[in-house]
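For reference, target28.csv (CSV, C-alpha atoms):
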```csv
chain,number,residue,atom,x,y,z
A,1,MET,CA,-51.0,21.6,32.2
A,2,ILE,CA,-48.4,19.0,33.3
A,3,PHE,CA,-50.2,15.8,34.2
A,4,GLN,CA,-48.9,12.5,35.4
A,5,SER,CA,-50.6,9.4,36.8
A,6,PHE,CA,-49.1,6.8,39.1
A,7,LEU,CA,-50.6,3.3,39.5
A,8,LEU,CA,-49.9,2.3,43.2
A,9,ASP,CA,-49.5,-1.1,44.7
A,10,ILE,CA,-52.0,-0.4,47.5
A,11,ASN,CA,-55.3,-1.7,46.1
A,12,GLU,CA,-54.2,-0.7,42.7
A,13,SER,CA,-55.2,2.9,43.5
A,14,ASN,CA,-54.3,5.8,41.4
A,15,CYS,CA,-52.4,8.9,42.4
A,16,TYR,CA,-52.3,11.9,40.0
A,17,LEU,CA,-50.1,14.9,39.7
A,18,VAL,CA,-51.3,18.2,38.2
A,19,ALA,CA,-48.9,21.0,37.7
A,20,SER,CA,-48.7,24.4,36.0
A,21,GLU,CA,-46.2,24.6,33.1
A,22,MET,CA,-45.8,28.3,33.8
A,23,THR,CA,-45.2,28.4,37.6
A,24,ARG,CA,-44.2,24.7,38.2
A,25,ASP,CA,-46.7,24.7,41.1
A,26,ALA,CA,-48.1,21.2,41.6
A,27,ILE,CA,-50.6,19.2,43.6
A,28,LEU,CA,-51.3,15.5,44.0
A,29,VAL,CA,-54.8,14.0,43.9
A,30,ASP,CA,-54.9,11.3,46.5
A,31,ALA,CA,-51.9,9.8,48.2
A,32,GLY,CA,-52.4,6.0,48.8
A,33,ASP,CA,-48.6,5.8,48.9
A,34,PHE,CA,-45.7,8.2,48.4
A,35,ASP,CA,-43.1,6.2,46.6
A,36,SER,CA,-39.9,7.1,44.9
A,37,ARG,CA,-41.5,7.4,41.5
A,38,ILE,CA,-43.6,10.3,42.7
A,39,HIS,CA,-40.7,11.9,44.6
A,40,ASP,CA,-38.4,11.6,41.6
A,41,TYR,CA,-41.0,13.0,39.2
A,42,ILE,CA,-41.4,16.1,41.3
A,43,GLU,CA,-37.7,16.6,41.7
A,44,GLU,CA,-36.7,15.8,38.1
A,45,ASN,CA,-39.4,18.2,36.7
A,46,ASN,CA,-38.5,20.9,39.2
A,47,LEU,CA,-42.0,21.2,40.6
A,48,ASN,CA,-43.1,22.9,43.7
A,49,LEU,CA,-45.5,20.5,45.5
A,50,GLU,CA,-48.0,22.8,47.1
A,51,GLY,CA,-50.7,20.4,48.3
A,52,VAL,CA,-52.6,17.2,48.2
A,53,PHE,CA,-56.3,16.9,47.4
A,54,ILE,CA,-57.9,13.9,49.1
A,55,THR,CA,-61.1,12.6,47.4
A,56,HIS,CA,-62.2,10.6,50.4
A,57,ASP,CA,-60.7,9.4,53.7
A,58,HIS,CA,-59.8,5.7,52.9
A,59,TYR,CA,-56.4,4.3,53.6
A,60,ASP,CA,-55.7,3.4,50.0
A,61,HIS,CA,-56.0,7.1,49.2
A,62,THR,CA,-54.3,8.6,52.3
A,63,SER,CA,-51.6,6.2,53.5
A,64,GLY,CA,-48.9,8.1,51.7
A,65,LEU,CA,-49.6,11.4,53.5
A,66,THR,CA,-47.3,10.8,56.4
A,67,GLY,CA,-44.3,10.0,54.3
A,68,LEU,CA,-45.1,12.8,51.9
A,69,MET,CA,-45.3,15.4,54.7
A,70,ARG,CA,-41.9,14.3,56.1
A,71,GLN,CA,-40.4,15.5,52.8
A,72,TYR,CA,-42.7,18.4,51.7
A,73,GLN,CA,-44.5,21.2,53.5
A,74,VAL,CA,-47.9,20.8,51.8
A,75,LYS,CA,-51.5,21.7,52.4
A,76,VAL,CA,-53.9,18.8,52.6
A,77,TRP,CA,-57.4,19.6,51.2
A,78,SER,CA,-60.2,17.2,52.2
A,79,ALA,CA,-63.9,17.3,53.0
A,80,SER,CA,-63.3,16.7,56.7
A,81,GLY,CA,-60.2,18.8,57.0
A,82,ASN,CA,-58.3,16.0,58.7
A,83,ALA,CA,-58.0,13.2,56.1
A,84,GLY,CA,-55.6,10.5,57.1
A,85,LYS,CA,-55.5,12.1,60.6
A,86,THR,CA,-53.5,15.0,59.3
A,87,ALA,CA,-54.3,18.6,60.1
A,88,GLY,CA,-55.5,20.0,56.8
A,89,ARG,CA,-57.9,22.3,55.2
A,90,ARG,CA,-61.6,21.7,54.8
A,91,VAL,CA,-63.1,22.1,51.4
A,92,ALA,CA,-66.6,21.7,50.0
A,93,HIS,CA,-68.6,21.9,46.8
A,94,GLY,CA,-67.8,25.0,44.8
A,95,HIS,CA,-64.4,25.8,46.5
A,96,GLU,CA,-61.6,26.6,44.1
A,97,ILE,CA,-58.1,25.2,44.3
A,98,ALA,CA,-55.4,27.1,42.4
A,99,VAL,CA,-52.4,25.4,40.9
A,100,GLY,CA,-50.5,28.3,39.3
A,101,GLU,CA,-52.9,29.7,36.7
A,102,LEU,CA,-55.0,26.5,36.7
A,103,LYS,CA,-58.2,26.6,38.6
A,104,GLY,CA,-59.7,23.4,40.0
A,105,THR,CA,-63.3,23.3,41.4
A,106,VAL,CA,-64.4,21.0,44.2
A,107,LEU,CA,-67.5,18.9,43.4
A,108,ALA,CA,-69.6,17.1,46.0
A,109,THR,CA,-69.9,13.4,45.0
A,110,PRO,CA,-71.1,11.7,48.2
A,111,GLY,CA,-72.1,8.0,48.4
A,112,HIS,CA,-69.0,5.9,48.6
A,113,THR,CA,-68.3,7.9,51.7
A,114,PHE,CA,-70.8,10.5,53.0
A,115,ASP,CA,-68.3,13.3,52.2
A,116,SER,CA,-66.6,12.1,49.0
A,117,ILE,CA,-65.5,14.9,46.7
A,118,SER,CA,-64.2,15.3,43.2
A,119,LEU,CA,-61.9,17.9,41.7
A,120,ALA,CA,-62.5,19.3,38.2
A,121,PHE,CA,-60.1,21.3,36.0
A,122,PRO,CA,-61.0,22.4,32.5
A,123,GLY,CA,-61.1,19.2,30.5
A,124,VAL,CA,-60.2,16.9,33.4
A,125,VAL,CA,-62.0,15.6,36.5
A,126,PHE,CA,-60.7,13.4,39.3
A,127,THR,CA,-63.6,11.4,40.7
A,128,GLY,CA,-62.0,9.3,43.5
A,129,ASP,CA,-64.1,6.2,44.2
A,130,ALA,CA,-67.4,7.9,43.2
A,131,LEU,CA,-67.2,7.0,39.5
A,132,PHE,CA,-65.1,4.5,37.7
A,133,SER,CA,-64.8,3.4,34.1
A,134,GLY,CA,-68.0,1.3,33.8
A,135,SER,CA,-68.9,1.3,37.4
A,136,VAL,CA,-69.5,3.4,40.5
A,137,GLY,CA,-68.2,3.3,44.1
A,138,GLY,CA,-69.5,0.8,46.6
A,139,THR,CA,-71.9,2.3,49.1
A,140,SER,CA,-73.1,1.2,52.5
A,141,SER,CA,-76.9,1.7,51.8
A,142,SER,CA,-79.3,2.1,49.0
A,143,ASP,CA,-79.9,5.6,50.1
A,144,ALA,CA,-76.2,6.4,49.8
A,145,ALA,CA,-76.2,4.7,46.3
A,146,ARG,CA,-79.1,6.9,45.2
A,147,HIS,CA,-77.3,10.0,46.4
A,148,GLN,CA,-74.1,9.0,44.6
A,149,ILE,CA,-76.0,8.4,41.3
A,150,LYS,CA,-77.7,11.8,41.7
A,151,ALA,CA,-74.5,13.6,42.4
A,152,ILE,CA,-72.7,12.1,39.5
A,153,ARG,CA,-75.5,13.1,37.2
A,154,GLN,CA,-75.6,16.6,38.6
A,155,HIS,CA,-72.0,17.4,38.9
A,156,ILE,CA,-69.9,15.1,36.6
A,157,PHE,CA,-72.3,14.4,33.7
A,158,THR,CA,-72.9,18.1,33.2
A,159,LEU,CA,-69.2,18.6,32.4
A,160,PRO,CA,-68.3,18.7,28.7
A,161,ALA,CA,-68.7,15.3,26.8
A,162,ASP,CA,-65.0,15.1,26.1
A,163,CYS,CA,-63.9,15.9,29.6
A,164,GLU,CA,-61.5,13.2,30.8
A,165,ILE,CA,-62.4,11.2,33.9
A,166,TYR,CA,-59.6,10.0,36.2
A,167,PRO,CA,-60.9,7.7,38.9
A,168,GLY,CA,-59.3,6.4,42.1
A,169,HIS,CA,-58.9,3.0,40.6
A,170,GLY,CA,-58.7,1.7,37.0
A,171,PRO,CA,-58.5,3.3,33.7
A,172,ALA,CA,-59.4,6.8,32.6
A,173,SER,CA,-62.7,7.5,30.7
A,174,THR,CA,-64.7,10.4,29.4
A,175,VAL,CA,-68.0,11.9,30.4
A,176,ALA,CA,-69.4,10.8,27.0
A,177,ILE,CA,-68.5,7.2,27.5
A,178,GLU,CA,-69.8,7.0,31.1
A,179,LYS,CA,-73.1,8.8,30.3
A,180,GLN,CA,-73.8,6.6,27.3
A,181,PHE,CA,-72.5,3.2,28.4
A,182,ASN,CA,-71.8,2.9,32.1
A,183,PRO,CA,-74.2,0.1,33.2
A,184,PHE,CA,-75.2,2.1,36.3
A,185,PHE,CA,-76.6,4.9,34.1
A,186,ALA,CA,-77.2,3.7,30.6
B,1,MET,CA,-42.6,12.2,31.0
B,2,SER,CA,-45.0,15.1,31.3
B,3,SER,CA,-48.2,15.2,29.4
B,4,SER,CA,-49.3,18.5,28.1
B,5,HIS,CA,-52.1,17.4,25.8
B,6,TYR,CA,-54.7,19.1,28.0
B,7,ALA,CA,-53.6,22.4,26.6
B,8,PRO,CA,-53.5,21.8,22.8
B,9,LEU,CA,-53.6,24.8,20.5
B,10,PRO,CA,-57.0,25.6,19.0
B,11,CYS,CA,-57.5,25.0,15.3
B,12,SER,CA,-56.7,28.0,13.2
B,13,ALA,CA,-59.8,27.7,11.1
B,14,SER,CA,-62.3,30.4,11.9
B,15,ARG,CA,-65.1,29.4,14.1
B,16,CYS,CA,-63.7,25.9,14.6
B,17,GLY,CA,-64.0,24.8,18.2
B,18,LYS,CA,-61.7,21.8,17.8
B,19,PHE,CA,-58.0,21.5,18.7
B,20,ALA,CA,-55.1,21.5,16.2
B,21,LEU,CA,-53.3,18.2,15.7
B,22,SER,CA,-49.8,18.0,17.1
B,23,GLY,CA,-47.4,19.5,14.5
B,24,ALA,CA,-50.2,21.3,12.6
B,25,ALA,CA,-52.1,24.5,12.8
B,26,TYR,CA,-55.4,22.8,12.1
B,27,CYS,CA,-57.7,20.0,13.3
B,28,TRP,CA,-58.0,17.0,11.1
B,29,ALA,CA,-61.1,18.3,9.3
B,30,HIS,CA,-59.3,21.5,8.3
B,31,ILE,CA,-55.9,20.3,7.3
B,32,GLU,CA,-55.7,20.9,3.5
B,33,ASN,CA,-52.9,18.5,2.5
B,34,LYS,CA,-53.8,15.5,4.6
B,35,GLY,CA,-51.5,13.2,2.7
B,36,GLN,CA,-48.5,15.4,3.3
B,37,PHE,CA,-49.3,15.7,7.0
B,38,LEU,CA,-49.6,11.9,7.3
B,39,ASP,CA,-46.3,11.4,5.6
B,40,SER,CA,-44.6,13.8,8.0
B,41,LEU,CA,-45.7,11.8,11.1
B,42,ASN,CA,-42.8,10.2,13.0
B,43,LEU,CA,-44.6,7.1,14.1
B,44,SER,CA,-41.9,6.2,16.6
B,45,ALA,CA,-42.4,9.5,18.5
B,46,MET,CA,-46.2,10.0,18.9
B,47,VAL,CA,-46.1,10.0,22.7
B,48,ASP,CA,-48.7,12.5,24.1
B,49,ALA,CA,-49.6,13.6,20.5
B,50,TRP,CA,-53.1,15.1,19.9
B,51,LEU,CA,-54.4,13.3,16.8
B,52,ALA,CA,-58.1,13.2,17.3
B,53,GLU,CA,-60.2,12.1,14.3
B,54,ILE,CA,-57.1,11.5,12.2
B,55,ASP,CA,-57.6,9.0,9.3
B,56,LEU,CA,-54.9,6.3,9.4
B,57,SER,CA,-57.0,3.6,7.9
B,58,GLY,CA,-55.2,0.8,6.1
B,59,ARG,CA,-51.8,2.1,7.1
B,60,ASP,CA,-48.9,0.1,8.4
B,61,LEU,CA,-48.4,1.4,11.9
B,62,SER,CA,-46.8,-1.7,13.3
B,63,ASN,CA,-44.7,-1.0,16.4
B,64,ALA,CA,-45.7,2.7,16.4
B,65,ASN,CA,-45.4,4.6,19.7
B,66,PHE,CA,-48.7,6.2,20.6
B,67,VAL,CA,-48.3,6.2,24.4
B,68,ARG,CA,-50.9,8.6,26.0
B,69,ALA,CA,-51.8,9.9,22.5
B,70,ARG,CA,-55.2,11.4,22.0
B,71,LEU,CA,-56.7,9.4,19.2
B,72,SER,CA,-60.4,9.9,19.9
B,73,GLY,CA,-62.6,9.3,16.9
B,74,ALA,CA,-59.6,8.3,14.8
B,75,ASN,CA,-60.0,6.0,11.8
B,76,PHE,CA,-57.7,2.9,12.0
B,77,ALA,CA,-60.0,0.6,10.0
B,78,GLY,CA,-57.9,-2.1,8.4
B,79,ALA,CA,-54.6,-0.6,9.7
B,80,ASN,CA,-51.8,-2.7,11.1
B,81,LEU,CA,-51.1,-1.7,14.7
B,82,SER,CA,-49.4,-5.0,15.6
B,83,GLY,CA,-46.9,-4.5,18.4
B,84,ALA,CA,-47.9,-0.8,18.7
B,85,ASP,CA,-47.5,0.9,22.1
B,86,LEU,CA,-50.8,2.4,23.0
B,87,ARG,CA,-50.6,2.5,26.7
B,88,ARG,CA,-53.0,5.0,28.2
B,89,ALA,CA,-54.0,6.2,24.7
B,90,PHE,CA,-57.4,7.6,24.2
B,91,LEU,CA,-59.2,5.6,21.4
B,92,ASP,CA,-62.7,6.4,22.4
B,93,GLY,CA,-65.1,6.4,19.5
B,94,ALA,CA,-62.3,5.3,17.2
B,95,ASN,CA,-62.9,3.1,14.2
B,96,LEU,CA,-60.9,-0.1,14.7
B,97,ARG,CA,-62.8,-2.3,12.4
B,98,GLU,CA,-60.7,-5.2,11.1
B,99,THR,CA,-57.6,-3.5,12.7
B,100,ASN,CA,-54.6,-5.7,13.4
B,101,LEU,CA,-53.8,-5.2,17.0
B,102,ARG,CA,-51.8,-8.4,17.6
B,103,ARG,CA,-49.5,-8.1,20.6
B,104,ALA,CA,-50.3,-4.4,20.9
B,105,ASN,CA,-49.8,-2.9,24.3
B,106,LEU,CA,-53.2,-1.3,25.3
B,107,GLU,CA,-52.7,-1.3,29.1
B,108,LEU,CA,-54.9,1.4,30.6
B,109,ALA,CA,-56.0,2.5,27.1
B,110,VAL,CA,-59.5,4.0,26.7
B,111,LEU,CA,-61.5,2.2,24.0
B,112,GLY,CA,-64.9,3.1,25.3
B,113,GLY,CA,-67.4,3.5,22.5
B,114,ALA,CA,-64.9,2.4,19.9
B,115,ASP,CA,-65.9,0.0,17.0
B,116,ALA,CA,-63.5,-2.8,17.0
B,117,SER,CA,-65.6,-5.3,15.1
B,118,GLY,CA,-63.5,-8.0,13.5
B,119,ALA,CA,-60.3,-6.6,15.1
B,120,ASP,CA,-57.5,-8.9,15.9
B,121,PHE,CA,-56.3,-8.5,19.5
B,122,THR,CA,-54.4,-11.8,19.7
B,123,GLY,CA,-51.8,-11.7,22.4
B,124,ALA,CA,-52.6,-8.0,23.1
B,125,ASP,CA,-52.0,-6.5,26.5
B,126,LEU,CA,-55.4,-5.1,27.5
B,127,ARG,CA,-54.8,-5.0,31.3
B,128,ARG,CA,-56.9,-2.4,33.1
B,129,SER,CA,-58.2,-1.1,29.7
B,130,ASN,CA,-61.5,0.8,29.4
B,131,LEU,CA,-63.7,-1.2,27.0
B,132,VAL,CA,-67.0,0.3,28.3
B,133,GLY,CA,-69.5,0.2,25.5
B,134,THR,CA,-67.0,-1.0,23.0
B,135,LYS,CA,-68.5,-2.7,19.9
B,136,ALA,CA,-66.4,-5.7,18.9
B,137,HIS,CA,-68.5,-8.2,17.0
B,138,GLY,CA,-66.4,-11.2,16.0
B,139,ALA,CA,-63.2,-9.8,17.4
B,140,ASP,CA,-60.3,-12.1,18.3
B,141,PHE,CA,-59.0,-11.7,21.9
B,142,SER,CA,-57.2,-15.1,21.9
B,143,GLN,CA,-54.3,-15.2,24.4
B,144,ALA,CA,-54.9,-11.5,25.2
B,145,ASP,CA,-54.4,-10.3,28.8
B,146,LEU,CA,-57.6,-8.7,30.0
B,147,TYR,CA,-56.7,-8.5,33.7
B,148,TYR,CA,-59.0,-6.1,35.4
B,149,ALA,CA,-60.2,-4.7,32.0
B,150,ARG,CA,-63.6,-3.1,32.0
B,151,PRO,CA,-65.8,-4.2,29.0
B,152,GLY,CA,-69.0,-3.2,30.8
B,153,ASN,CA,-72.0,-2.9,28.4
B,154,ALA,CA,-69.7,-3.9,25.5
B,155,ASP,CA,-71.1,-5.7,22.5
B,156,LEU,CA,-68.8,-8.6,22.1
B,157,ARG,CA,-71.0,-11.1,20.2
B,158,ALA,CA,-69.2,-14.0,18.5
B,159,SER,CA,-65.8,-12.9,19.8
B,160,SER,CA,-63.1,-15.3,20.7
B,161,PHE,CA,-61.4,-15.2,24.1
B,162,ARG,CA,-59.6,-18.6,23.7
B,163,GLY,CA,-56.8,-18.8,26.2
B,164,ALA,CA,-57.2,-15.2,27.3
B,165,THR,CA,-56.6,-14.0,30.8
B,166,ILE,CA,-59.9,-12.8,32.3
B,167,GLU,CA,-58.9,-12.4,35.9
B,168,ARG,CA,-61.1,-9.7,37.5
B,169,THR,CA,-62.3,-8.6,34.0
B,170,ILE,CA,-65.6,-6.8,34.5
B,171,PHE,CA,-68.1,-8.0,31.8
B,172,ARG,CA,-71.0,-6.3,33.6
B,173,ARG,CA,-74.0,-6.2,31.3
B,174,ALA,CA,-71.9,-7.1,28.2
B,175,ASN,CA,-73.4,-9.0,25.3
B,176,LEU,CA,-71.3,-12.2,25.2
B,177,ALA,CA,-73.7,-14.2,23.0
B,178,ASP,CA,-71.9,-16.9,20.9
B,179,THR,CA,-68.5,-16.0,22.4
B,180,ASP,CA,-65.8,-18.6,22.8
B,181,PHE,CA,-64.0,-18.7,26.2
B,182,THR,CA,-62.4,-22.0,25.7
B,183,ALA,CA,-59.3,-22.3,27.9
B,184,ALA,CA,-59.7,-18.7,29.2
B,185,HIS,CA,-58.5,-18.4,32.7
B,186,GLY,CA,-59.3,-16.2,35.7
B,187,THR,CA,-62.4,-15.2,37.7
B,188,PRO,CA,-64.3,-12.5,35.8
B,189,ASN,CA,-67.4,-10.6,36.7
B,190,PHE,CA,-70.3,-11.6,34.4
B,191,GLU,CA,-73.0,-9.7,36.3
B,192,ASN,CA,-76.0,-9.3,34.1
B,193,ALA,CA,-74.1,-10.3,31.0
B,194,THR,CA,-75.9,-12.0,28.1
B,195,MET,CA,-74.3,-15.4,27.8
B,196,GLN,CA,-76.5,-17.4,25.4
B,197,GLY,CA,-74.4,-19.6,23.2
B,198,MET,CA,-71.2,-18.9,25.2
B,199,LYS,CA,-68.6,-21.6,25.0
B,200,ARG,CA,-66.5,-22.1,28.1
```
Would you mind writing the file out in structure tokens?
Amino acid sequence: MIFQSFLLDINESNCYLVASEMTRDAILVDAGDFDSRIHDYIEENNLNLEGVFITHDHYDHTSGLTGLMRQYQVKVWSASGNAGKTAGRRVAHGHEIAVGELKGTVLATPGHTFDSISLAFPGVVFTGDALFSGSVGGTSSSDAARHQIKAIRQHIFTLPADCEIYPGHGPASTVAIEKQFNPFFA
Amino acid sequence: MSSSHYAPLPCSASRCGKFALSGAAYCWAHIENKGQFLDSLNLSAMVDAWLAEIDLSGRDLSNANFVRARLSGANFAGANLSGADLRRAFLDGANLRETNLRRANLELAVLGGADASGADFTGADLRRSNLVGTKAHGADFSQADLYYARPGNADLRASSFRGATIERTIFRRANLADTDFTAAHGTPNFENATMQGMKR
């Protein structure tokens, strides 16, 4: 797996790139911006950008879509099917997204938004703003907060302990660290 | 630039479920001649290396380049990592007791669950680092930059943060008893932290 992360200026959000070393097919996870670093990385590594997975429809995760779609013909996967007001493809818990031979699985992690989703590949999960290092996403109600905690326990904390967590903001983590020490769970 | 450490080779030892270290056929536990392997390491080129559970205790690793390296569970007790580049490295569960990390670059590094008791982080770059659940009794973070670092639930008793940057640092539920924050600057989050005996 080719993997690269980009720390963006917009709310210090993260954008991730996942690609197959065999086929050079690539996707982005979230697109708060689409700056020259991302473009250059794709071109310099001879990658075929096939799509963008949007974890949730907030501007700091979608504002780069317009610029990106001017340069690449890509699919946009999101829970609503129209994240960032782009015509895309609707995905839900259990759907698979293929990147060459790599298979990602969509996980429902609602709470921060009612339809927040995560994307898990073997050994790596992208959690958007549902789960951060030492924290969880802000929610609009206690009910939403409860749903978020439950979804994280059910769908993220059941991944292998050494699975790496890549959130929408801040540093990476692992399932083991967050299960054992995240103040919202420990 | 690309990181391929998500597809490391499996350890060649039968029935071992771990991954082989970069440049070896075996995981750390199954390498027979550990000394020879350690001597063969090119410390200036450890970017993206898979070195989980390696024992580098007491070694001089000053200015080594471990960018994005997988060092989970590694033993660096008493080692000299001053000036080392550890950006985005995974040091979760590592033994960093009494480790010299002066001026090390640990931006976005993962130190969750590590034991850094007595470690020296003076002047280190810990911006946006993961310190969730890190144990660091009596560690020295003087003049370190902890901008937006996340020491939630960390055990930082009797540590020094003199002159450190703690802007947006999230000390949620951390144990900060008997810590010294003299001349530290910034607006951190001390939500539910233990602060008895804290000096500010």
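A straight line drawn from atom CA of B:Leu91 to atom CA of B:Leu106 is 9.9 Å long.
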Problem set entry | For stretch 124-135 of chain B: contacts at 9 Å, all atoms listed in the file, fewer than 3 positions along chain excluded, given as a PyMOL selection string | (chain A and resi 133-134+170-173+177-178+180-183) or (chain B and resi 82-83+87-88+92-93+101-117+120-121+141-157+169+174)
For this session: Would you kindly return, as number ranges by chain, each protein, DNA or RNA residue with an atom no farther than 9 Å from any atom of B:Arg59, considering all atoms listed in the file and excluding same-chain residues fewer than 3 positions away?
Result: B: 56, 62, 76-81
Problem set entry | Residue contacts of A:Phe53 (7 Å, only C-alpha atoms) excluding same-chain residues fewer than 5 positions away, as a ChimeraX atom specification | /A:28-30,76-78
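Remark: for A:Lys179, the closest of the candidate residues A:Asp115, A:Glu96, A:Asp162, A:Glu21 is A:Asp162 (distances computed over all atoms listed in the file).
Reported to one decimal place, the separation of atom CA of A:Ala151 from atom CA of A:Leu107 is 8.8 Å.
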Would you kindly return, as a compact mmCIF listing (two decimals) with C-alpha atoms, in the frame of the given file, each protein, DNA or RNA residue with an atom no farther than 10 Å from any atom of B:Cys27, considering only C-alpha atoms and excluding same-chain residues fewer than 3 positions away?
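After the write, part10.txt holds the following:
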```txt
# COMPACT_ATOMS: atom_id res chain seq x y z
CA LEU B 9 -53.60 24.80 20.50
CA PRO B 10 -57.00 25.60 19.00
CA CYS B 11 -57.50 25.00 15.30
CA SER B 12 -56.70 28.00 13.20
CA ALA B 13 -59.80 27.70 11.10
CA CYS B 16 -63.70 25.90 14.60
CA GLY B 17 -64.00 24.80 18.20
CA LYS B 18 -61.70 21.80 17.80
CA PHE B 19 -58.00 21.50 18.70
CA ALA B 20 -55.10 21.50 16.20
CA LEU B 21 -53.30 18.20 15.70
CA SER B 22 -49.80 18.00 17.10
CA ALA B 24 -50.20 21.30 12.60
CA HIS B 30 -59.30 21.50 8.30
CA ILE B 31 -55.90 20.30 7.30
CA TRP B 50 -53.10 15.10 19.90
CA LEU B 51 -54.40 13.30 16.80
CA ALA B 52 -58.10 13.20 17.30
CA GLU B 53 -60.20 12.10 14.30
CA ILE B 54 -57.10 11.50 12.20
```
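When all atoms listed in the file are used to compute distances to chain A, the closest of the residues B:Arg173, B:Arg97, B:Lys199, B:Arg168 turns out to be B:Arg173.
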Exercise. Rounded to one decimal in Å, what is the spacing between atom CA of A:Gln148 and atom CA of A:Ala26?
Worked result: 28.9 Å
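Using only C-alpha atoms, the shortest contact distance between chain B and any of A:Ala145, A:Val99, A:Val124, A:Leu68 is found at A:Val124.
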